[in-house]
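Contents: one structure, followed by commentary.
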Amino acid sequence: MKVVVFTKQTFDTEAKITLDDQGKINPEGVSLIINPYDEFAVEEALRIKEKTKGEVTVVSMGGPKAQDVLRQALAMGADRAVLITPELEEMDEYTTATILARAVSRMEYDLILGGWRAIDDGSAQVAGRVAEILGLPVVNMVIKLEIDGGRALATREIEGGSEVVEVPLPAVITAQKGLNEPRYPTMKGIMQAKKKPMEKLALSDLGLTAEEVVPKVRALKYFLPSPRAQGKIVPGEPAEAAAALVRLLREEAKVI
Amino acid sequence: MDFTIPEEIMDMKRTLRNFVDNEVEKYSQQIEDEDKIPQHLIDKAKEMGLFGMSIPEEYGGLGLSMLERCLLLEELGRANMSFTTYIGAHTGIGTTGIVELGSEEIKRKYLPAMASGEKLGAFALTEPDAGSDATSIKTTAVLKGDRWILNGRKHFITNAPEADIFTVIAVTDREKGARGGFTAFVVEKNFPGFYIGTIERKMGLRGSHTAEVIFENCEVPAENVLGEVGRGYSSALKILSKGRVALAARCVGACDKLLELSVRYAQQRIQFGKPIASFQAIQWMLAEMATDTEAARSLTYRVAWMVDQGLPVIKEGPMVKLFASEALGRVADKAVQIHGGMGYMKDFPVERFYRDARITRIYEGTNEIQRMIIANRLLKKFEI
């Protein structure tokens, strides 16, 4: 079985977000990791590979730094990697999905896996959009996956419970926390990762132009959440304190 | 001079840091409370290949240079120090003798299982009356037919209760003593006449076990001699000198962790209405800790590089062990001070590090012995 996994490089979960003088998110000095949901997807792909003697290709979009993520997946056991560097100023989920769908359509695959969302922008759109472009079924937020011949049995989280969905392959499946516990790359795996093939593609290699992937959405402004103001304790006897509180809510906070 | 760390080693460091900070750290308190490292942590370390760090690739190890090994040990040093000791004593003194001195047959026989971590190694030199004065060991080995018969008692042997394969130094010619009368042997725990004695109760390093090793007419096949008969003392020194820079690398990692904990705490802890990090008294401690850490790191890299170049490190090996372990002592002391009362509490990791760090100035050659070796070399070099 041939499995393709989408992986994205994201900020570390503990990264401190700041804006640069252009008002954009400042990537300087932030440590980068593989999107944790994508890591579940890589692990699942490897488990399927081990059971079915399959092959795993990991695909990522980004600059040269994104190779770190691909090398990690190769060290975990993936067979080959594809890095797409579109060198575009502005991108949105439409852009990303269009490019990824084009890249995947050049490959042989039985299954496409990815995280259900990336922890940076949290849009949760890319995998679904790729499925739509390729005309494939998609099952999101999967916590258990069984592959049986040409079908996938996926258990997904829904409000207040779980749901089991059966889809024909090829299909797009997105991983939710709980699907598995990703392995650590072994030291030998890290050494071998260097020797595995990593294909590097530009937009033109996929037969796409910048005009064809112009984003549909434009970010007007980025701003940081306002810092939490310090709380205030209103002292005094209950009746007096309540009266003082009401006055503060009306006059200072202006919420009532 | 190029200090760039290769990409592949950076990938390994990142993986190890992630494993240590997110996985091992979770169990640190449990290791402390139960005096036991959970088996699943050891199994994960085995799977990752950490037990093969010092073993050549042809015998199933990672085939790393000393500098590469030190770069990885630095990450492991951030962990609970008993976990690091468990792996470090195996990849250091526990395997070095076989790698450096073993015959091809011995290497093929023992190293693959040691590289995978299936078999754990330990080193047995110290005896009750032979600590810093290793020339006073009393354990004897007498050749009878095709076997050596060992008798005697070793103590303070790190990993002894869990280890499978011991590198043992014994007296084969009392007359000659350390000059031609000691021999190194590879002893398996299931050889007849091999026993583990009392397991010591220690100040720290809970989870790492140290015990007596007793030989009562213990039979060791003649082919298990490491190196040449009579060359055991220089073998022991060789094994120990290789281990010194690796131990220093672990100390650097521990310094790094303590510094990080202290910088964080100093910014969170509010006194007199502001973070204590804003006070010069605290800032000076942090600056000194960072400088000590960086100095120890630089010396470690330099000496590891010398080992890789095949340069003699007779004086530099002791220097790096001495400096890094004492730097760790100073860093741990300041870390406790910055944490104040909390630093004395078992709920904070600095208390554990403070106790665990103490042994690094004692084991693998006391710092007094290191100073003596350094001074001897100097006096010889500039003899008048």
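Residues in the structure tokens are numbered from 1 in each chain, the chains being A, B, ... in the order shown, and ligands are numbered from 1 in the order shown.
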Excluding region 232-239 of chain B and its own-chain neighbours fewer than 3 positions away, which residues fall within 10 Å of it when counting only C-alpha atoms? Please give them as a PyMOL selection string. chain B and resi 92-101+123-125+134-135+167-172+177-185+225-229+242-244+314+364-365
Would you put the residues from that selection into a file with N, CA and C atoms, as a compact mmCIF listing (two decimals), in the first residue's frame?
```txt
# COMPACT_ATOMS: atom_id res chain seq x y z
N GLY B 92 30.28 4.17 28.60
CA GLY B 92 31.63 4.59 28.98
C GLY B 92 32.45 3.41 29.45
N ILE B 93 32.71 3.38 30.76
CA ILE B 93 33.61 2.36 31.32
C ILE B 93 33.11 0.92 31.13
N GLY B 94 31.81 0.76 30.92
CA GLY B 94 31.24 -0.59 30.79
C GLY B 94 31.57 -1.29 29.48
N THR B 95 31.82 -0.50 28.42
CA THR B 95 32.07 -1.11 27.12
C THR B 95 33.45 -0.78 26.56
N THR B 96 34.05 0.31 27.06
CA THR B 96 35.31 0.79 26.47
C THR B 96 36.41 -0.28 26.44
N GLY B 97 36.55 -1.03 27.53
CA GLY B 97 37.60 -2.04 27.61
C GLY B 97 37.48 -3.05 26.48
N ILE B 98 36.26 -3.52 26.25
CA ILE B 98 36.07 -4.54 25.21
C ILE B 98 36.33 -3.93 23.83
N VAL B 99 35.83 -2.70 23.61
CA VAL B 99 36.03 -2.04 22.31
C VAL B 99 37.51 -1.79 22.05
N GLU B 100 38.21 -1.30 23.06
CA GLU B 100 39.60 -0.87 22.86
C GLU B 100 40.60 -2.03 22.93
N LEU B 101 40.32 -3.02 23.77
CA LEU B 101 41.33 -4.03 24.05
C LEU B 101 40.92 -5.45 23.68
N PHE B 123 32.05 -1.90 35.02
CA PHE B 123 33.50 -1.91 35.18
C PHE B 123 33.82 -2.09 36.66
N ALA B 124 34.65 -3.10 36.97
CA ALA B 124 34.93 -3.40 38.37
C ALA B 124 36.42 -3.33 38.66
N LEU B 125 36.82 -2.19 39.24
CA LEU B 125 38.21 -1.99 39.65
C LEU B 125 38.28 -1.77 41.17
N ALA B 134 44.42 2.69 43.28
CA ALA B 134 43.96 1.47 42.60
C ALA B 134 45.04 0.40 42.55
N THR B 135 46.29 0.79 42.82
CA THR B 135 47.37 -0.21 42.76
C THR B 135 47.28 -1.20 43.93
N THR B 167 33.86 -5.82 33.17
CA THR B 167 35.29 -5.73 32.91
C THR B 167 35.94 -5.66 34.29
N VAL B 168 36.73 -6.69 34.63
CA VAL B 168 37.25 -6.82 35.99
C VAL B 168 38.78 -6.75 35.97
N ILE B 169 39.35 -5.98 36.88
CA ILE B 169 40.81 -5.92 37.00
C ILE B 169 41.22 -6.75 38.24
N ALA B 170 42.14 -7.70 38.03
CA ALA B 170 42.57 -8.56 39.15
C ALA B 170 44.10 -8.73 39.12
N VAL B 171 44.63 -9.16 40.28
CA VAL B 171 46.07 -9.35 40.40
C VAL B 171 46.44 -10.74 39.90
N THR B 172 47.33 -10.79 38.90
CA THR B 172 47.77 -12.10 38.40
C THR B 172 49.22 -12.40 38.83
N GLY B 177 52.96 -6.59 41.03
CA GLY B 177 51.97 -5.57 41.38
C GLY B 177 51.44 -4.86 40.14
N ALA B 178 51.20 -3.52 40.27
CA ALA B 178 50.59 -2.77 39.17
C ALA B 178 51.50 -2.76 37.93
N ARG B 179 52.81 -2.91 38.13
CA ARG B 179 53.73 -2.91 37.00
C ARG B 179 53.90 -4.31 36.45
N GLY B 180 52.93 -4.76 35.69
CA GLY B 180 53.04 -6.06 35.03
C GLY B 180 52.34 -7.20 35.74
N GLY B 181 51.69 -6.89 36.88
CA GLY B 181 51.06 -7.97 37.63
C GLY B 181 49.54 -7.94 37.67
N PHE B 182 48.91 -6.96 36.97
CA PHE B 182 47.45 -6.90 36.93
C PHE B 182 46.95 -7.32 35.55
N THR B 183 45.75 -7.90 35.51
CA THR B 183 45.18 -8.31 34.22
C THR B 183 43.69 -7.96 34.19
N ALA B 184 43.22 -7.60 32.99
CA ALA B 184 41.79 -7.30 32.81
C ALA B 184 41.06 -8.51 32.23
N PHE B 185 39.86 -8.77 32.75
CA PHE B 185 39.06 -9.92 32.30
C PHE B 185 37.64 -9.49 31.94
N VAL B 225 40.53 -12.99 28.67
CA VAL B 225 41.49 -11.96 29.08
C VAL B 225 41.38 -10.81 28.09
N LEU B 226 41.31 -9.60 28.65
CA LEU B 226 41.25 -8.39 27.80
C LEU B 226 42.66 -7.84 27.66
N GLY B 227 43.11 -7.70 26.44
CA GLY B 227 44.47 -7.23 26.23
C GLY B 227 45.45 -8.31 26.67
N GLU B 228 46.63 -7.90 27.13
CA GLU B 228 47.64 -8.89 27.50
C GLU B 228 47.61 -9.16 29.01
N VAL B 229 47.99 -10.39 29.35
CA VAL B 229 48.16 -10.73 30.76
C VAL B 229 49.26 -9.84 31.32
N LYS B 242 39.38 7.34 28.84
CA LYS B 242 38.39 7.54 27.77
C LYS B 242 37.06 8.02 28.33
N GLY B 243 36.75 7.50 29.52
CA GLY B 243 35.45 7.82 30.11
C GLY B 243 35.36 9.26 30.60
N ARG B 244 36.51 9.87 30.86
CA ARG B 244 36.51 11.17 31.54
C ARG B 244 35.83 12.27 30.73
N ILE B 314 46.59 12.81 28.33
CA ILE B 314 46.96 12.34 29.67
C ILE B 314 46.70 13.44 30.70
N GLU B 364 34.77 7.80 39.00
CA GLU B 364 35.66 7.75 37.82
C GLU B 364 36.95 8.54 38.08
N GLY B 365 37.49 8.36 39.28
CA GLY B 365 38.71 9.05 39.67
C GLY B 365 38.38 10.33 40.41
```
Among region 262-362 of chain B, which ones does DSSP assign to strand (DSSP E) (computed from the backbone)? Answer as a ChimeraX atom specification. /B:270-271,274-275
Exercise answer, chain B residues close to chain A, 8 Å and only C-alpha atoms, as a list in words: Glu8, Asp11, Met12, Thr15, Phe19, Glu47, Met48, Gly49, Leu50 and Leu62 of chain B
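Atom pair CA of Leu120 (chain B) / CA of Glu162 (chain B): separated by 7.0 Å.
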List the spatial neighbours of region 166-180 of chain A as a ChimeraX atom specification - criterion: any atom at most 10 Å away, only C-alpha atoms, same-chain residues fewer than 5 positions off excluded. /A:2-6,36-44,47,109-117,124,127-128,130-132,134-157
Residue contacts of region 72-79 of chain B (8 Å, only C-alpha atoms) excluding same-chain residues fewer than 3 positions away, as a PyMOL selection string: chain B and resi 9+12-13+16-17+20-21+24-25+68-69+83-84+88+246+249-257
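Within the 8 Å cut-off around Ile157 (chain B), using only C-alpha atoms and omitting residues fewer than 5 positions from it on the same chain, the listed residues are Ala122, Phe123, Ala124, Thr126, Thr210, Ala211, Glu212 and Val213 of chain B.
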What's the 9 Å shell around Leu143 (chain B), counting only C-alpha atoms, without same-chain residues fewer than 3 positions away, as a PyMOL selection string? chain B and resi 146-149+172+222
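Atom pair CA of Val350 (chain B) / CA of Pro161 (chain B) has a distance of 27.3 Å (rounded to one decimal).
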Can you tell me which residues surround Leu83 (chain A) at a distance of at most 12 Å, considering only C-alpha atoms, apart from same-chain residues fewer than 5 positions away, and format the answer as an MDAnalysis selection string? chainID A and resid 5:9 57:71 99:100 103:104 197:203 205:206
Please, could you write that set of residues out with N, CA, C and O atoms as a tab-separated table (two decimals), in the first residue's frame?
```
chain	number	residue	atom	x	y	z
A	5	VAL	N	1.81	11.27	3.03
A	5	VAL	CA	1.49	12.03	4.25
A	5	VAL	C	1.86	13.49	4.07
A	5	VAL	O	2.97	13.82	3.65
A	6	PHE	N	0.91	14.37	4.38
A	6	PHE	CA	1.18	15.80	4.37
A	6	PHE	C	1.73	16.21	5.73
A	6	PHE	O	1.12	15.90	6.77
A	7	THR	N	2.84	16.91	5.72
A	7	THR	CA	3.41	17.39	7.00
A	7	THR	C	3.70	18.87	6.88
A	7	THR	O	4.09	19.35	5.82
A	8	LYS	N	3.51	19.57	7.97
A	8	LYS	CA	3.78	21.01	7.97
A	8	LYS	C	4.71	21.33	9.14
A	8	LYS	O	4.58	20.76	10.22
A	9	GLN	N	5.62	22.26	8.88
A	9	GLN	CA	6.48	22.72	9.96
A	9	GLN	C	5.77	23.88	10.66
A	9	GLN	O	5.31	24.81	10.00
A	57	THR	N	5.48	8.17	1.48
A	57	THR	CA	6.08	9.39	0.96
A	57	THR	C	5.56	10.56	1.79
A	57	THR	O	4.35	10.69	1.98
A	58	VAL	N	6.49	11.37	2.29
A	58	VAL	CA	6.05	12.55	3.06
A	58	VAL	C	6.23	13.79	2.20
A	58	VAL	O	7.22	13.93	1.49
A	59	VAL	N	5.22	14.67	2.26
A	59	VAL	CA	5.24	15.87	1.44
A	59	VAL	C	5.09	17.08	2.34
A	59	VAL	O	4.27	17.09	3.26
A	60	SER	N	5.92	18.09	2.10
A	60	SER	CA	5.77	19.32	2.86
A	60	SER	C	5.95	20.52	1.95
A	60	SER	O	6.60	20.42	0.90
A	61	MET	N	5.34	21.62	2.34
A	61	MET	CA	5.49	22.85	1.57
A	61	MET	C	6.16	23.87	2.47
A	61	MET	O	5.76	24.05	3.61
A	62	GLY	N	7.19	24.51	1.95
A	62	GLY	CA	7.88	25.51	2.76
A	62	GLY	C	9.28	25.77	2.25
A	62	GLY	O	9.68	25.22	1.21
A	63	GLY	N	10.01	26.58	2.98
A	63	GLY	CA	11.38	26.92	2.60
A	63	GLY	C	12.34	25.81	2.99
A	63	GLY	O	11.92	24.74	3.42
A	64	PRO	N	13.63	26.06	2.84
A	64	PRO	CA	14.64	25.04	3.13
A	64	PRO	C	14.56	24.48	4.56
A	64	PRO	O	14.86	23.32	4.79
A	65	LYS	N	14.11	25.32	5.51
A	65	LYS	CA	14.03	24.85	6.90
A	65	LYS	C	13.05	23.69	7.07
A	65	LYS	O	13.19	22.87	7.96
A	66	ALA	N	12.03	23.65	6.18
A	66	ALA	CA	11.01	22.59	6.28
A	66	ALA	C	11.62	21.21	6.05
A	66	ALA	O	11.00	20.19	6.37
A	67	GLN	N	12.84	21.19	5.52
A	67	GLN	CA	13.51	19.89	5.34
A	67	GLN	C	13.70	19.17	6.67
A	67	GLN	O	13.76	17.95	6.71
A	68	ASP	N	13.83	19.93	7.76
A	68	ASP	CA	13.98	19.32	9.09
A	68	ASP	C	12.84	18.37	9.39
A	68	ASP	O	13.02	17.28	9.93
A	69	VAL	N	11.63	18.82	9.06
A	69	VAL	CA	10.43	18.04	9.30
A	69	VAL	C	10.45	16.77	8.44
A	69	VAL	O	10.14	15.68	8.91
A	70	LEU	N	10.83	16.94	7.19
A	70	LEU	CA	10.86	15.79	6.29
A	70	LEU	C	11.94	14.79	6.74
A	70	LEU	O	11.71	13.59	6.73
A	71	ARG	N	13.09	15.32	7.16
A	71	ARG	CA	14.14	14.42	7.63
A	71	ARG	C	13.71	13.66	8.87
A	71	ARG	O	14.04	12.50	9.06
A	99	ILE	N	-1.73	23.39	-4.73
A	99	ILE	CA	-0.37	22.93	-5.01
A	99	ILE	C	-0.18	21.48	-4.57
A	99	ILE	O	0.34	20.65	-5.31
A	100	LEU	N	-0.65	21.17	-3.35
A	100	LEU	CA	-0.48	19.80	-2.84
A	100	LEU	C	-1.24	18.79	-3.70
A	100	LEU	O	-0.73	17.71	-4.00
A	103	ALA	N	0.69	18.12	-6.75
A	103	ALA	CA	1.87	17.30	-6.45
A	103	ALA	C	1.48	15.83	-6.27
A	103	ALA	O	2.12	14.93	-6.81
A	104	VAL	N	0.39	15.61	-5.54
A	104	VAL	CA	-0.04	14.23	-5.27
A	104	VAL	C	-0.55	13.55	-6.54
A	104	VAL	O	-0.35	12.35	-6.73
A	197	PRO	N	15.86	9.49	-0.59
A	197	PRO	CA	15.62	10.53	-1.59
A	197	PRO	C	14.73	11.66	-1.07
A	197	PRO	O	13.72	11.41	-0.42
A	198	MET	N	15.15	12.90	-1.36
A	198	MET	CA	14.31	14.06	-1.07
A	198	MET	C	14.22	14.89	-2.35
A	198	MET	O	15.19	15.45	-2.81
A	199	GLU	N	13.02	14.92	-2.90
A	199	GLU	CA	12.79	15.64	-4.16
A	199	GLU	C	12.42	17.07	-3.81
A	199	GLU	O	11.59	17.30	-2.93
A	200	LYS	N	13.01	18.04	-4.51
A	200	LYS	CA	12.69	19.43	-4.25
A	200	LYS	C	12.03	20.04	-5.47
A	200	LYS	O	12.61	20.02	-6.57
A	201	LEU	N	10.84	20.55	-5.28
A	201	LEU	CA	10.06	21.05	-6.42
A	201	LEU	C	9.72	22.52	-6.26
A	201	LEU	O	9.44	23.00	-5.17
A	202	ALA	N	9.74	23.23	-7.40
A	202	ALA	CA	9.26	24.61	-7.45
A	202	ALA	C	7.87	24.57	-8.08
A	202	ALA	O	7.43	23.54	-8.58
A	203	LEU	N	7.20	25.70	-8.04
A	203	LEU	CA	5.85	25.78	-8.61
A	203	LEU	C	5.86	25.33	-10.08
A	203	LEU	O	4.98	24.58	-10.52
A	205	ASP	N	7.77	23.29	-11.57
A	205	ASP	CA	7.93	21.84	-11.75
A	205	ASP	C	6.58	21.12	-11.72
A	205	ASP	O	6.46	19.99	-12.20
A	206	LEU	N	5.59	21.76	-11.14
A	206	LEU	CA	4.27	21.14	-11.05
A	206	LEU	C	3.37	21.67	-12.17
A	206	LEU	O	2.17	21.38	-12.21
```
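For the residues B:Leu379, B:Lys346, B:Met81, B:Gln267, ranking by smallest atom-to-atom distance to Thr360 (chain B) using only C-alpha atoms places B:Met81 first.
Closest approach to Glu288 (chain B) among B:Val331, B:Ile199, B:Ala160, B:Ile362 is made by B:Val331 (distances from only C-alpha atoms).
In this model, the gap between CA of Thr300 (chain B) and CA of Ala327 (chain B) comes to 12.1 Å.
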Alpha helix (DSSP H) call set, DSSP backbone run, region 239-301 of chain B, as a ChimeraX atom specification: /B:239-268,280-301
